[in-house]
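A quick write-up on the structure given underneath.
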Amino acid sequence: MCFPWGFDEEDESCAALKLILINQITRLRGERCTRYAVSMDCGVGLYAAEILHGLKESDDALETICYIPYEEQATKWTPELRDRYFNAMAACTEIVNVAYEKTVDCECKAHLAAVNEADTVIAVYDPENPRCEREAAAVAVAEMLNRQVFTINPKAIHLF
């Protein structure tokens with residue numbers, strides 16, 4: 001919901017974001033990265049998981065560890081998003097439930113757990129948006145842990 005396009009995946013900027021994600025994941029795979037940690041949500045986490053599972057069809061070496069903020073996360077999502085979420089979950093190599101029930105900080109804990117697993121972090125957020133504080137905190141931790149961070153600012157996506 002923090003994206004300029006909201007949940008409209010048919011928006012050209014959303015398509016451009018997905019293309020950037022594919023390029024970054026492919027670049028990392030070219031650097032021999034085979035294990036990917038994804039903090040699952042109904043936006044970038046889901047996009048990344050779907051991209052990885054598409055790539056896994058031709059690359060058996062890929063592993064995806066999905067970090068779920070809390071067990072009932074998708075309960076109130078639209079039926080289409082729930083189906084995509086559960087399909088992504090079924091294709092994961094490993095699923096880590098961060099919390100059983102929703103808590104104030106469970107989404108942040110999922111981000112941090114994924115960052116802790118990573119050598120390189122692809123962060124999609126607007127550093128100037130106060131609503132992106134969870135993502136900003138995860139990036140700060142990644143930088144503190146000397147992880148390589150590639151930031152994609154949705155406001156700065158320009159179409160070709």
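Each chain in the structure tokens gets a letter, A, B and so on, in the order shown; residues start at 1 in every chain, and ligands are counted from 1 in the order they appear.
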
As a ChimeraX atom specification, please: every residue in chain A that a backbone DSSP assignment puts in helix (DSSP H, G or I). /A:12-30,44-56,79-91,106-117,130-144,154-156

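Look at A:Glu71: the protein and nucleic acid residues within 9 Å of it, using only C-alpha atoms and passing over chain neighbours fewer than 4 places away, are Asn97, Val98, Ala99, Tyr100, Glu101 and Lys102 of chain A.
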
Just write the chosen residues, N, CA and C atoms, as an mmCIF file, in the first residue's frame.
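Dumped everything to selection04.cif:
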```cif
data_model
loop_
_atom_site.group_PDB
_atom_site.id
_atom_site.type_symbol
_atom_site.label_atom_id
_atom_site.label_comp_id
_atom_site.auth_asym_id
_atom_site.auth_seq_id
_atom_site.Cartn_x
_atom_site.Cartn_y
_atom_site.Cartn_z
ATOM 1 N N ASN A 97 7.998 -19.597 10.669
ATOM 2 C CA ASN A 97 6.964 -18.757 11.286
ATOM 3 C C ASN A 97 7.623 -17.955 12.397
ATOM 4 N N VAL A 98 7.620 -16.641 12.276
ATOM 5 C CA VAL A 98 8.258 -15.774 13.258
ATOM 6 C C VAL A 98 7.413 -15.684 14.519
ATOM 7 N N ALA A 99 6.084 -15.656 14.362
ATOM 8 C CA ALA A 99 5.180 -15.579 15.514
ATOM 9 C C ALA A 99 3.912 -16.367 15.198
ATOM 10 N N TYR A 100 3.304 -16.897 16.227
ATOM 11 C CA TYR A 100 2.047 -17.624 16.033
ATOM 12 C C TYR A 100 0.909 -16.641 15.785
ATOM 13 N N GLU A 101 0.840 -15.596 16.604
ATOM 14 C CA GLU A 101 -0.199 -14.584 16.470
ATOM 15 C C GLU A 101 0.428 -13.251 16.081
ATOM 16 N N LYS A 102 -0.405 -12.379 15.532
ATOM 17 C CA LYS A 102 0.075 -11.062 15.135
ATOM 18 C C LYS A 102 0.479 -10.259 16.365
#
```

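The protein and nucleic acid residues lying at most 7 Å from A:Ile22 are A:Lys18, A:Thr26, A:Ile51, with only C-alpha atoms considered and sequence neighbours fewer than 4 positions away removed.
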
Give me, as number ranges by chain, all polymer residues having an atom no more than 9 Å from stretch 115-121 of chain A, counting only C-alpha atoms and skipping those fewer than 3 positions away in the same chain. A: 28, 35-39, 110-112, 138-139, 141-142, 145-151

Hey, can you spit out that residue selection with N, CA and C atoms as a PDB file, in the first residue's frame?
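Saved to part22.pdb:
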```pdb
ATOM      1  N   LEU A  28      22.452 -11.966  -8.754  1.00  0.00           N
ATOM      2  CA  LEU A  28      22.952 -12.703  -7.585  1.00  0.00           C
ATOM      3  C   LEU A  28      23.162 -14.176  -7.917  1.00  0.00           C
ATOM      4  N   ARG A  35      20.738 -19.630  -2.277  1.00  0.00           N
ATOM      5  CA  ARG A  35      19.808 -19.646  -1.130  1.00  0.00           C
ATOM      6  C   ARG A  35      19.280 -18.226  -0.915  1.00  0.00           C
ATOM      7  N   TYR A  36      17.958 -18.082  -0.962  1.00  0.00           N
ATOM      8  CA  TYR A  36      17.312 -16.779  -0.857  1.00  0.00           C
ATOM      9  C   TYR A  36      16.356 -16.754   0.325  1.00  0.00           C
ATOM     10  N   ALA A  37      16.469 -15.719   1.148  1.00  0.00           N
ATOM     11  CA  ALA A  37      15.582 -15.523   2.289  1.00  0.00           C
ATOM     12  C   ALA A  37      14.575 -14.443   1.920  1.00  0.00           C
ATOM     13  N   VAL A  38      13.292 -14.739   2.094  1.00  0.00           N
ATOM     14  CA  VAL A  38      12.233 -13.808   1.703  1.00  0.00           C
ATOM     15  C   VAL A  38      11.326 -13.547   2.900  1.00  0.00           C
ATOM     16  N   SER A  39      11.149 -12.273   3.226  1.00  0.00           N
ATOM     17  CA  SER A  39      10.184 -11.879   4.247  1.00  0.00           C
ATOM     18  C   SER A  39       8.839 -11.739   3.537  1.00  0.00           C
ATOM     19  N   ALA A 110      10.215 -10.499  11.069  1.00  0.00           N
ATOM     20  CA  ALA A 110      10.361 -11.316   9.853  1.00  0.00           C
ATOM     21  C   ALA A 110      11.420 -10.716   8.944  1.00  0.00           C
ATOM     22  N   HIS A 111      11.386  -9.387   8.776  1.00  0.00           N
ATOM     23  CA  HIS A 111      12.412  -8.719   7.966  1.00  0.00           C
ATOM     24  C   HIS A 111      13.801  -8.972   8.553  1.00  0.00           C
ATOM     25  N   LEU A 112      13.923  -8.815   9.864  1.00  0.00           N
ATOM     26  CA  LEU A 112      15.223  -8.981  10.516  1.00  0.00           C
ATOM     27  C   LEU A 112      15.723 -10.416  10.441  1.00  0.00           C
ATOM     28  N   ALA A 138      15.275  -2.705   9.067  1.00  0.00           N
ATOM     29  CA  ALA A 138      15.942  -3.905   8.541  1.00  0.00           C
ATOM     30  C   ALA A 138      17.190  -3.525   7.741  1.00  0.00           C
ATOM     31  N   VAL A 139      17.097  -2.465   6.948  1.00  0.00           N
ATOM     32  CA  VAL A 139      18.256  -2.011   6.171  1.00  0.00           C
ATOM     33  C   VAL A 139      19.356  -1.528   7.114  1.00  0.00           C
ATOM     34  N   VAL A 141      19.967  -2.562  10.126  1.00  0.00           N
ATOM     35  CA  VAL A 141      20.587  -3.756  10.708  1.00  0.00           C
ATOM     36  C   VAL A 141      21.496  -4.423   9.679  1.00  0.00           C
ATOM     37  N   ALA A 142      21.028  -4.525   8.442  1.00  0.00           N
ATOM     38  CA  ALA A 142      21.844  -5.138   7.384  1.00  0.00           C
ATOM     39  C   ALA A 142      23.162  -4.387   7.223  1.00  0.00           C
ATOM     40  N   LEU A 145      25.468  -5.100  10.038  1.00  0.00           N
ATOM     41  CA  LEU A 145      26.049  -6.442   9.902  1.00  0.00           C
ATOM     42  C   LEU A 145      26.970  -6.543   8.685  1.00  0.00           C
ATOM     43  N   ASN A 146      27.231  -5.403   8.044  1.00  0.00           N
ATOM     44  CA  ASN A 146      28.095  -5.334   6.854  1.00  0.00           C
ATOM     45  C   ASN A 146      27.576  -6.166   5.690  1.00  0.00           C
ATOM     46  N   ARG A 147      26.250  -6.228   5.557  1.00  0.00           N
ATOM     47  CA  ARG A 147      25.660  -6.896   4.407  1.00  0.00           C
ATOM     48  C   ARG A 147      25.671  -5.929   3.228  1.00  0.00           C
ATOM     49  N   GLN A 148      25.788  -6.469   2.045  1.00  0.00           N
ATOM     50  CA  GLN A 148      25.638  -5.656   0.838  1.00  0.00           C
ATOM     51  C   GLN A 148      24.146  -5.355   0.708  1.00  0.00           C
ATOM     52  N   VAL A 149      23.787  -4.088   0.502  1.00  0.00           N
ATOM     53  CA  VAL A 149      22.376  -3.701   0.401  1.00  0.00           C
ATOM     54  C   VAL A 149      22.143  -3.031  -0.946  1.00  0.00           C
ATOM     55  N   PHE A 150      21.162  -3.554  -1.668  1.00  0.00           N
ATOM     56  CA  PHE A 150      20.720  -2.939  -2.913  1.00  0.00           C
ATOM     57  C   PHE A 150      19.323  -2.407  -2.648  1.00  0.00           C
ATOM     58  N   THR A 151      19.154  -1.088  -2.694  1.00  0.00           N
ATOM     59  CA  THR A 151      17.864  -0.472  -2.388  1.00  0.00           C
ATOM     60  C   THR A 151      17.152  -0.052  -3.669  1.00  0.00           C
TER      61      THR A 151
END
```

Enumerate as a list in words all residues of stretch 23-151 of chain A assigned to strand (DSSP E or B) by DSSP on the backbone, naming them with the chain letters and numbers the document uses.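 After running DSSP on the backbone, stretch 23-151 of chain A has strand (DSSP E or B) at Arg35, Tyr36, Ala37, Val38, Ser39, Glu63, Thr64, Ile65, Cys66, Tyr67, Ile68, Glu94, Ile95, Val96, Asn97, Thr120, Val121, Ile122, Ala123, Val124, Gln148, Val149, Phe150 and Thr151 of chain A.
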
Kindly export the residues of the current selection with C-alpha atoms, as a tab-separated table (two decimals), in the first residue's frame.
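Final output, again_36.tsv:
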```
chain	number	residue	atom	x	y	z
A	35	ARG	CA	19.81	-19.65	-1.13
A	36	TYR	CA	17.31	-16.78	-0.86
A	37	ALA	CA	15.58	-15.52	2.29
A	38	VAL	CA	12.23	-13.81	1.70
A	39	SER	CA	10.18	-11.88	4.25
A	63	GLU	CA	16.43	-22.66	-2.32
A	64	THR	CA	13.88	-20.26	-0.86
A	65	ILE	CA	13.41	-19.73	2.86
A	66	CYS	CA	10.21	-17.81	3.51
A	67	TYR	CA	9.84	-15.90	6.77
A	68	ILE	CA	6.19	-15.55	7.78
A	94	GLU	CA	11.75	-23.93	4.14
A	95	ILE	CA	9.12	-21.88	6.00
A	96	VAL	CA	9.90	-20.05	9.23
A	97	ASN	CA	6.96	-18.76	11.29
A	120	THR	CA	23.10	-9.44	0.30
A	121	VAL	CA	19.79	-7.65	0.86
A	122	ILE	CA	17.45	-6.37	-1.81
A	123	ALA	CA	15.32	-3.76	-0.03
A	124	VAL	CA	12.32	-2.19	-1.73
A	148	GLN	CA	25.64	-5.66	0.84
A	149	VAL	CA	22.38	-3.70	0.40
A	150	PHE	CA	20.72	-2.94	-2.91
A	151	THR	CA	17.86	-0.47	-2.39
```

Give the answer as one residue: which of A:Met89, A:Lys155, A:Gly54, A:Met40 has the shortest atom-to-atom distance to A:Lys109, using only C-alpha atoms?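 Nearest candidate to A:Lys109 out of A:Met89, A:Lys155, A:Gly54, A:Met40: A:Met40.
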
Any idea what the distance is between atom CA of A:Cys2 and atom CA of A:Ala90?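 Distance reported for this atom pair: 27.0 Å.
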
Please determine, counting only C-alpha atoms, which residue among A:Glu50, A:Asp60, A:Glu31, A:Glu128 has the shortest atom-to-atom distance to A:Ala88.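 Nearest candidate to A:Ala88 out of A:Glu50, A:Asp60, A:Glu31, A:Glu128: A:Glu50.
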
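If you look at atom CA of A:Asn153 and atom CA of A:Pro127, they are 7.5 Å away from each other.
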
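You will find atom CA of A:Lys76 at 19.8 Å from atom CA of A:Phe3.
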
Kindly indicate which residue among A:Ile20, A:Arg131, A:Phe7, A:Arg29 lies nearest to A:Leu81, using only C-alpha atoms for the distances. A:Phe7

Counting only C-alpha atoms, the option among A:Asn129, A:Cys14, A:Tyr85, A:Glu143 closest to A:Ala49: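 Ranked by minimum distance to A:Ala49, first place goes to A:Tyr85.
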
Determine the nearest neighbour of A:Tyr47 from the options A:Glu9, A:Tyr70, A:Arg82, A:Arg27, counting only C-alpha atoms.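 Closest candidate: A:Glu9.
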
Residue among A:Ala16, A:Leu62, A:Cys108, A:Ala74 lying closest to A:Phe86, counting only C-alpha atoms: A:Ala74
